[in-house]
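S.K.: If it helps, the file is called model21.tsv and holds TSV, C-alpha atoms:
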chain	number	residue	atom	x	y	z
W	1	MET	CA	17.99	-8.55	24.87
W	2	MET	CA	16.18	-5.89	22.82
W	3	ALA	CA	17.06	-3.25	25.41
W	4	PHE	CA	20.76	-3.85	24.81
W	5	LEU	CA	20.55	-3.31	21.05
W	6	PRO	CA	22.08	-0.14	19.61
W	7	PHE	CA	18.83	0.55	17.69
W	8	ASN	CA	15.15	0.73	18.60
W	9	THR	CA	13.59	-2.55	17.47
W	10	ALA	CA	10.07	-1.25	18.12
W	11	ARG	CA	10.54	1.43	15.45
W	12	SER	CA	12.59	-0.52	12.94
W	13	PHE	CA	11.24	-2.81	10.20
W	14	GLN	CA	10.34	-6.29	11.35
W	15	LEU	CA	10.48	-7.93	7.92
W	16	LYS	CA	13.78	-9.02	6.47
W	17	PRO	CA	14.99	-6.92	3.50
W	18	ASP	CA	14.65	-9.73	0.92
W	19	GLU	CA	11.17	-10.56	2.20
W	20	LEU	CA	10.05	-6.92	1.91
W	21	LEU	CA	11.61	-6.55	-1.55
W	22	SER	CA	9.90	-9.69	-2.78
W	23	LYS	CA	6.49	-8.44	-1.54
W	24	SER	CA	7.05	-5.00	-3.02
W	25	VAL	CA	7.63	-6.24	-6.59
W	26	SER	CA	4.41	-8.22	-6.60
W	27	ASP	CA	1.47	-6.92	-8.65
W	28	ASP	CA	-0.87	-8.31	-5.99
W	29	ILE	CA	-0.41	-5.21	-3.83
W	30	TYR	CA	-2.47	-3.02	-6.18
W	31	PHE	CA	-6.17	-2.39	-6.51
W	32	SER	CA	-7.43	-0.60	-9.61
W	33	VAL	CA	-9.69	2.44	-9.31
W	34	ASP	CA	-12.55	0.34	-10.74
W	35	GLN	CA	-12.09	-2.20	-7.94
W	36	VAL	CA	-12.10	0.60	-5.35
W	37	ALA	CA	-15.24	2.06	-6.99
W	38	ARG	CA	-16.92	-1.33	-6.59
W	39	PHE	CA	-15.94	-1.50	-2.91
W	40	ILE	CA	-17.57	1.89	-2.37
W	41	ASN	CA	-20.75	1.03	-4.28
W	42	ASN	CA	-21.08	-2.22	-2.33
W	43	GLU	CA	-20.23	-0.43	0.94
W	44	ASP	CA	-17.73	-3.22	1.49
W	45	THR	CA	-16.62	-3.18	5.10
W	46	THR	CA	-13.62	-5.47	4.59
W	47	PHE	CA	-11.40	-2.66	3.34
W	48	GLN	CA	-10.20	0.65	4.75
W	49	LEU	CA	-9.09	3.46	2.45
W	50	ILE	CA	-6.20	5.50	3.82
W	51	ASP	CA	-5.62	8.92	2.28
W	52	VAL	CA	-1.97	9.92	2.82
W	53	ARG	CA	-2.36	13.52	1.57
W	54	ASP	CA	-2.25	16.39	4.02
W	55	ALA	CA	-5.33	17.38	6.03
W	56	GLU	CA	-6.14	20.39	3.86
W	57	GLN	CA	-6.22	18.35	0.66
W	58	PHE	CA	-8.24	15.64	2.40
W	59	LYS	CA	-10.79	18.18	3.57
W	60	ALA	CA	-11.26	19.54	0.05
W	61	PHE	CA	-12.30	16.10	-1.24
W	62	ASN	CA	-11.56	12.45	-0.63
W	63	ILE	CA	-12.83	9.04	-1.59
W	64	PRO	CA	-15.92	8.29	0.54
W	65	GLY	CA	-15.14	6.29	3.67
W	66	SER	CA	-11.44	7.25	3.77
W	67	VAL	CA	-9.35	7.82	6.86
W	68	ASN	CA	-6.78	10.62	6.66
W	69	ILE	CA	-3.29	9.64	7.82
W	70	PRO	CA	-1.05	12.38	6.37
W	71	PHE	CA	2.28	10.92	5.32
W	72	ASN	CA	4.09	13.76	7.12
W	73	ASP	CA	2.65	12.37	10.34
W	74	PHE	CA	2.86	8.69	9.39
W	75	SER	CA	5.34	7.60	12.05
W	76	ASP	CA	3.19	8.89	14.92
W	77	PRO	CA	2.21	5.88	17.10
W	78	LYS	CA	-1.38	7.20	17.34
W	79	TRP	CA	-2.11	5.76	13.86
W	80	GLU	CA	-1.17	2.24	14.86
W	81	VAL	CA	-4.79	1.43	15.63
W	82	TYR	CA	-5.60	1.92	11.92
W	83	LEU	CA	-2.40	0.45	10.50
W	84	ASN	CA	-2.01	-2.60	12.69
W	85	GLN	CA	-5.16	-4.61	12.21
W	86	LYS	CA	-5.82	-8.01	10.76
W	87	GLY	CA	-9.43	-7.96	9.61
W	88	LEU	CA	-9.30	-5.13	7.06
W	89	LYS	CA	-7.49	-4.49	3.80
W	90	ASN	CA	-5.71	-1.13	4.05
W	91	ILE	CA	-5.66	0.60	0.67
W	92	TYR	CA	-3.32	3.60	0.54
W	93	TYR	CA	-3.79	6.44	-1.91
W	94	GLY	CA	-2.37	9.88	-2.59
W	95	ASN	CA	-2.57	12.13	-5.63
W	96	ASP	CA	-0.23	9.77	-7.48
W	97	GLU	CA	1.45	6.55	-6.39
W	98	GLN	CA	4.71	7.80	-4.89
W	99	THR	CA	3.59	8.74	-1.37
W	100	ALA	CA	1.17	5.82	-1.13
W	101	SER	CA	4.06	3.50	-2.04
W	102	TYR	CA	6.21	4.97	0.76
W	103	ALA	CA	3.33	4.35	3.18
W	104	TRP	CA	2.84	0.81	1.85
W	105	THR	CA	6.54	-0.04	2.27
W	106	ILE	CA	6.78	1.42	5.77
W	107	SER	CA	3.63	-0.26	7.08
W	108	THR	CA	4.50	-3.60	5.44
W	109	GLY	CA	8.07	-3.34	6.71
W	110	MET	CA	6.79	-2.70	10.22
W	111	GLY	CA	5.04	-6.06	9.98
W	112	TYR	CA	1.48	-4.82	9.52
W	113	GLY	CA	-0.42	-7.06	7.11
W	114	ASN	CA	-3.05	-6.54	4.40
W	115	ASN	CA	-1.59	-3.43	2.78
W	116	PHE	CA	-2.43	-2.34	-0.75
W	117	VAL	CA	-2.04	0.70	-3.02
W	118	MET	CA	-4.71	2.19	-5.28
W	119	LYS	CA	-3.04	2.11	-8.68
W	120	GLY	CA	-2.53	5.60	-10.11
W	121	GLY	CA	-3.88	7.40	-7.04
W	122	LEU	CA	-6.47	10.17	-7.21
W	123	ASN	CA	-5.30	11.35	-10.63
W	124	GLU	CA	-6.21	7.94	-12.06
W	125	TRP	CA	-9.44	7.91	-10.02
W	126	TYR	CA	-10.48	11.25	-11.47
W	127	LYS	CA	-9.53	10.34	-15.04
W	128	THR	CA	-11.21	6.92	-15.00
W	129	VAL	CA	-14.12	7.22	-12.61
W	130	MET	CA	-15.05	10.91	-12.64
W	131	LEU	CA	-14.42	11.81	-16.28
W	132	SER	CA	-15.04	8.60	-18.19
W	133	GLN	CA	-17.95	8.45	-20.59
W	134	PHE	CA	-19.14	6.00	-23.20
W	135	ASP	CA	-18.96	7.33	-26.75
W	136	GLY	CA	-19.85	4.24	-28.78
W	137	GLU	CA	-23.22	3.30	-30.27
W	138	ASN	CA	-23.71	-0.19	-28.88
W	139	ILE	CA	-22.72	-1.06	-25.35
W	140	THR	CA	-21.93	-4.61	-24.29
W	141	PRO	CA	-23.24	-5.93	-20.94
W	142	ARG	CA	-19.66	-5.89	-19.63
W	143	GLU	CA	-19.12	-2.25	-20.63
W	144	ASN	CA	-22.51	-1.38	-19.20
W	145	ALA	CA	-21.58	-2.92	-15.84
W	146	LEU	CA	-18.25	-1.09	-15.87
W	147	PHE	CA	-19.81	2.30	-16.61
W	148	GLU	CA	-22.61	1.78	-14.12
W	149	ASN	CA	-20.01	1.00	-11.46
W	150	ARG	CA	-18.09	4.19	-12.32
W	151	PHE	CA	-21.25	6.27	-12.54
W	152	ASN	CA	-22.48	5.19	-9.10
W	153	ALA	CA	-19.08	5.78	-7.50
W	154	ARG	CA	-18.82	9.18	-9.20
W	155	LYS	CA	-22.27	10.12	-7.88
W	156	THR	CA	-21.35	9.11	-4.32
W	157	PHE	CA	-18.00	10.92	-4.56
W	158	THR	CA	-19.56	14.14	-5.86
W	159	GLN	CA	-22.48	14.14	-3.44
W	160	ILE	CA	-20.52	13.37	-0.30
W	161	ASN	CA	-17.75	15.85	-1.15
W	162	SER	CA	-20.32	18.58	-1.85
W	163	LEU	CA	-21.86	18.33	1.60
W	164	PRO	CA	-20.65	20.36	4.58
W	165	ASP	CA	-18.39	18.35	6.90
W	166	SER	CA	-21.07	18.14	9.59
W	167	LEU	CA	-23.42	16.26	7.25
W	168	LYS	CA	-20.93	13.91	5.58
W	169	LYS	CA	-21.12	11.24	8.25
W	170	ASN	CA	-24.91	11.07	7.84
W	171	TYR	CA	-24.67	10.53	4.09
W	172	PHE	CA	-24.87	6.75	4.03
W	173	ASN	CA	-27.70	6.65	6.60
W	174	ALA	CA	-29.71	9.09	4.44
W	175	LYS	CA	-28.96	7.00	1.36
W	176	HIS	CA	-30.18	3.80	3.05
W	177	LEU	CA	-33.33	5.56	4.23
W	178	GLN	CA	-34.00	6.78	0.68
W	179	ALA	CA	-33.47	3.26	-0.70
W	180	SER	CA	-35.79	1.86	1.93
W	181	LYS	CA	-38.51	4.39	0.96
W	182	LEU	CA	-38.16	3.50	-2.71
W	183	ASP	CA	-38.52	-0.20	-1.83
W	184	GLY	CA	-41.71	0.60	0.09
W	185	GLY	CA	-40.15	-0.13	3.47
W	186	CYS	CA	-40.81	1.60	6.77
W	187	GLU	CA	-38.89	4.70	7.87
S	1	MET	CA	32.37	-21.38	46.57
S	2	LYS	CA	28.60	-20.98	46.24
S	3	GLN	CA	29.03	-17.25	45.60
S	4	LEU	CA	31.63	-17.96	42.92
S	5	LYS	CA	29.24	-20.39	41.22
S	6	GLY	CA	26.49	-17.72	41.30
S	7	LEU	CA	28.82	-15.17	39.75
S	8	GLY	CA	29.75	-17.71	37.07
S	9	TYR	CA	26.08	-18.07	36.08
S	10	ILE	CA	25.65	-14.28	35.90
S	11	PHE	CA	28.81	-14.00	33.80
S	12	LEU	CA	27.59	-16.76	31.48
S	13	PHE	CA	24.21	-15.03	31.13
S	14	LEU	CA	25.88	-11.73	30.24
S	15	ILE	CA	28.11	-13.44	27.68
S	16	ILE	CA	25.06	-15.00	26.01
S	17	ILE	CA	23.31	-11.60	25.91
S	18	LEU	CA	26.43	-10.01	24.44
S	19	VAL	CA	26.73	-12.68	21.74
S	20	LEU	CA	23.03	-12.32	20.80
S	21	VAL	CA	23.31	-8.52	20.66
S	22	LEU	CA	26.40	-8.72	18.46
S	23	VAL	CA	24.79	-11.28	16.15
S	24	ARG	CA	21.72	-9.10	15.72
S	25	SER	CA	23.65	-5.83	15.45
S	26	TYR	CA	25.98	-7.07	12.74
S	27	ASN	CA	23.45	-9.18	10.85
S	28	PRO	CA	23.31	-7.58	7.38
S	29	ASN	CA	19.98	-9.23	6.71
S	30	LEU	CA	18.05	-7.02	9.16
S	31	PHE	CA	16.75	-3.47	9.13
S	32	LYS	CA	18.16	-1.36	11.94
S	33	GLN	CA	17.02	2.18	11.13
S	34	ASP	CA	14.19	4.06	12.77
S	35	SER	CA	11.25	3.95	10.32
S	36	GLY	CA	10.60	7.62	11.13
S	37	ASN	CA	13.83	8.44	9.24
S	38	ALA	CA	12.19	7.43	5.96
S	39	VAL	CA	9.18	9.66	6.64
S	40	GLU	CA	11.40	12.60	7.53
S	41	ALA	CA	13.67	12.18	4.50
S	42	ALA	CA	10.73	11.91	2.09
S	43	LEU	CA	8.72	14.86	3.48
S	44	ASN	CA	7.24	17.00	0.70
S	45	ASN	CA	9.12	14.87	-1.86
S	46	ARG	CA	12.44	16.48	-0.99
S	47	ASN	CA	14.05	13.15	-1.86
S	48	SER	CA	12.93	13.60	-5.48
S	49	ILE	CA	14.84	15.19	-8.30
S	50	THR	CA	13.51	16.13	-11.73
S	51	MET	CA	15.31	15.51	-15.01
S	52	ALA	CA	16.06	19.25	-15.33
S	53	GLN	CA	17.53	19.33	-11.79
S	54	LEU	CA	19.60	16.24	-12.58
S	55	LYS	CA	21.06	17.89	-15.68
S	56	ALA	CA	21.97	20.96	-13.62
S	57	LEU	CA	23.58	18.93	-10.82
S	58	ASN	CA	27.20	19.94	-10.26
S	59	THR	CA	28.19	17.09	-7.99
S	60	GLN	CA	29.07	13.53	-8.99
S	61	TYR	CA	26.20	11.04	-8.98
S	62	LEU	CA	25.48	7.41	-9.73
S	63	VAL	CA	22.28	6.64	-11.63
S	64	ILE	CA	20.65	3.27	-11.01
S	65	ASN	CA	18.10	2.01	-13.51
S	66	LEU	CA	15.85	-0.43	-11.65
S	67	GLY	CA	14.26	-1.69	-14.86
S	68	THR	CA	13.96	-5.29	-15.87
S	69	GLY	CA	14.43	-5.87	-19.61
S	70	GLY	CA	12.13	-3.71	-21.69
S	71	LYS	CA	9.55	-3.33	-18.93
S	72	PHE	CA	10.90	-0.18	-17.30
S	73	ASP	CA	13.30	1.13	-19.89
S	74	SER	CA	11.27	4.04	-21.21
S	75	ILE	CA	13.80	6.57	-19.90
S	76	LYS	CA	17.37	6.36	-21.14
S	77	ILE	CA	20.12	7.99	-19.11
S	78	LYS	CA	23.72	7.91	-20.18
S	79	ASN	CA	26.08	6.02	-17.84
S	80	ALA	CA	23.23	4.59	-15.79
S	81	ILE	CA	23.87	1.22	-14.19
S	82	ASN	CA	21.12	-1.34	-14.56
S	83	ILE	CA	20.23	-3.16	-11.35
S	84	PRO	CA	16.94	-4.98	-11.91
S	85	VAL	CA	14.77	-4.44	-8.85
S	86	GLU	CA	14.53	-8.19	-8.16
S	87	ASN	CA	18.34	-8.34	-7.85
S	88	LEU	CA	18.73	-5.21	-5.74
S	89	LEU	CA	19.84	-7.09	-2.63
S	90	ASP	CA	22.34	-9.38	-4.36
S	91	LYS	CA	25.76	-9.13	-2.76
S	92	ALA	CA	27.43	-7.67	-5.87
S	93	ASN	CA	24.77	-4.98	-6.24
S	94	GLN	CA	24.90	-4.11	-2.54
S	95	THR	CA	28.64	-3.66	-2.92
S	96	ILE	CA	28.15	-1.23	-5.83
S	97	LEU	CA	25.76	0.83	-3.73
S	98	LYS	CA	27.92	0.72	-0.60
S	99	GLU	CA	31.07	1.70	-2.43
S	100	SER	CA	29.48	4.71	-4.09
S	101	LYS	CA	30.62	7.94	-2.47
S	102	ASP	CA	28.34	9.94	-4.74
S	103	GLU	CA	24.65	10.73	-4.64
S	104	ILE	CA	22.65	7.69	-5.79
S	105	ILE	CA	19.78	8.49	-8.15
S	106	LEU	CA	17.15	5.76	-8.52
S	107	TYR	CA	14.77	5.52	-11.42
S	108	SER	CA	12.39	3.25	-13.24
S	109	ALA	CA	9.42	3.91	-15.49
S	110	ASP	CA	7.19	2.97	-12.56
S	111	VAL	CA	7.57	5.57	-9.81
S	112	SER	CA	5.83	3.27	-7.33
S	113	THR	CA	8.67	0.73	-7.69
S	114	THR	CA	11.30	3.44	-7.29
S	115	ALA	CA	9.55	4.75	-4.16
S	116	LYS	CA	9.44	1.30	-2.55
S	117	VAL	CA	13.10	0.65	-3.34
S	118	TRP	CA	14.01	4.07	-1.95
S	119	VAL	CA	12.39	3.20	1.41
S	120	ILE	CA	14.10	-0.21	1.56
S	121	LEU	CA	17.53	1.30	0.87
S	122	ASN	CA	16.90	4.19	3.28
S	123	GLN	CA	16.08	1.68	6.00
S	124	LEU	CA	19.22	-0.28	5.17
S	125	GLY	CA	21.18	2.84	6.03
S	126	PHE	CA	21.81	4.44	2.63
S	127	LYS	CA	21.60	8.20	3.10
S	128	LYS	CA	22.53	9.88	-0.18
S	129	LEU	CA	19.56	8.59	-2.13
S	130	LEU	CA	17.30	10.44	-4.55
S	131	ILE	CA	14.39	9.45	-6.76
S	132	LEU	CA	14.33	10.65	-10.36
S	133	SER	CA	10.78	11.86	-10.77
S	134	PRO	CA	9.10	11.60	-14.19
S	135	ASP	CA	6.96	14.66	-13.31
S	136	GLU	CA	8.14	18.20	-12.76
S	137	GLN	CA	5.81	18.34	-9.77
S	138	PRO	CA	5.38	14.90	-8.25
S	139	GLU	CA	2.21	14.10	-6.32
S	140	VAL	CA	0.18	17.03	-7.62
S	141	PHE	CA	-3.53	16.62	-8.32
S	142	LYS	CA	-3.93	17.38	-12.02
S	143	TYR	CA	-7.68	17.98	-12.11
S	144	LYS	CA	-10.13	20.31	-10.42
S	145	PHE	CA	-13.00	18.93	-8.39
S	146	GLN	CA	-16.18	20.97	-8.70
S	147	PRO	CA	-18.60	20.36	-5.81
S	148	ASP	CA	-22.28	20.12	-6.72
S	149	THR	CA	-23.85	23.02	-4.84
S	150	THR	CA	-27.39	21.66	-5.33
S	151	VAL	CA	-26.76	18.58	-3.17
S	152	ARG	CA	-28.79	18.51	0.07
S	153	LEU	CA	-28.86	15.63	2.50
S	154	GLU	CA	-32.58	15.96	3.21
S	155	ASN	CA	-33.92	16.24	-0.35
S	156	ASP	CA	-34.53	13.49	-2.87
S	157	SER	CA	-31.20	13.96	-4.66
S	158	ILE	CA	-29.74	11.42	-2.27
Take the structure from the file and write it as structure tokens.

M.R.:
Amino acid sequence: MMAFLPFNTARSFQLKPDELLSKSVSDDIYFSVDQVARFINNEDTTFQLIDVRDAEQFKAFNIPGSVNIPFNDFSDPKWEVYLNQKGLKNIYYGNDEQTASYAWTISTGMGYGNNFVMKGGLNEWYKTVMLSQFDGENITPRENALFENRFNARKTFTQINSLPDSLKKNYFNAKHLQASKLDGGCE
Amino acid sequence: MKQLKGLGYIFLFLIIILVLVLVRSYNPNLFKQDSGNAVEAALNNRNSITMAQLKALNTQYLVINLGTGGKFDSIKIKNAINIPVENLLDKANQTILKESKDEIILYSADVSTTAKVWVILNQLGFKKLLILSPDEQPEVFKYKFQPDTTVRLENDSI
């Protein structure tokens, strides 16, 4: 029956318009930059960060562990392996929220599940995680945990983005080895 | 007689296919566009318009404020129609959008909401759609990342 339709069902949205609209107005589709920082510090393997900026911007810097799917190339079927999966949470980000929101709507509309947007994009990431500092005199345990989370994510971000491309993939292995040495473990 | 009966079954099958195709093709509650159209139309934010560009626009346009109550109403535009995002697909609102011959400009204080609505309407077949961008240059990184040139994978800094 699909072959007789005057449009390509494989490339059109699978969700109904009201269903997609209802999902898109929910606040549950966002992760804050602090939540993303925690995922990185914990090396959480249940999420996948998807950077929708172009390849040049991605190469200059990106959030550690990200996959680059430039929005300009988003409809290429080769990305389906990343977009259409059930076990991972896909978190889209760009410099702001506009392009990531396009990507979220298209992938959700296509029927792929577990899609999220990093609230505020890289501009918010930089402002909150990379530039934040504590100016007060007394720090509460909650504030301490928050700043430690940001500090660790900032350190990982800066270190991994300062390495040459060829060494980036070895970063986490080197980090684990270092931690193991500090704990008195074997190499 | 047997051949006639066989032809009857084929004819019946084709009729059923035709009915199903027509039902799906004319069902307003389905998306029928190629999702690649949305990507193409939004490339490099060419579907965005700034406030300065809007003021300089010579053609007729219809501005839709997607705000709900006070939540999104930080920008005030004269003659804008308010269609709260939750009610976007109501029949009356769909009629307003369909009957507009002019460029439709969408805005809300939350650009993420406007972007999602833009994709939904694009995929419903609306072509003359623009997003009113709060920034002069949308999607630009506003900071400068300085790599740490002292970082080495093999030393103790990691």

S.K.: Determine which residues of chain S sit within 8 Å of chain W, taking into account only C-alpha atoms, and present them as a PyMOL selection string.

M.R.: chain S and resi 17+20-21+24-25+29-36+39-40+43-44+85-86+89+111-113+115-117+119-120+123+138-143+145+147-149+151-154+156+158

S.K.: To one decimal in Å, tell me the separation between atom CA of S:Tyr107 and atom CA of S:Ala56.

M.R.: 17.2 Å

S.K.: Which residue out of S:Thr95, S:Leu62, S:Ala41, S:Ile131 has the minimum interatomic distance to S:Thr114 when only C-alpha atoms are used?

M.R.: S:Ile131

S.K.: Between atom CA of S:Ile16 and atom CA of S:Met1, what is the distance, to one decimal in Å?

M.R.: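 So the answer is 22.7 Å.
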
S.K.: Atom CA of S:Asn82 to atom CA of S:Ala38: how many Å, to one decimal?

M.R.: 24.0 Å
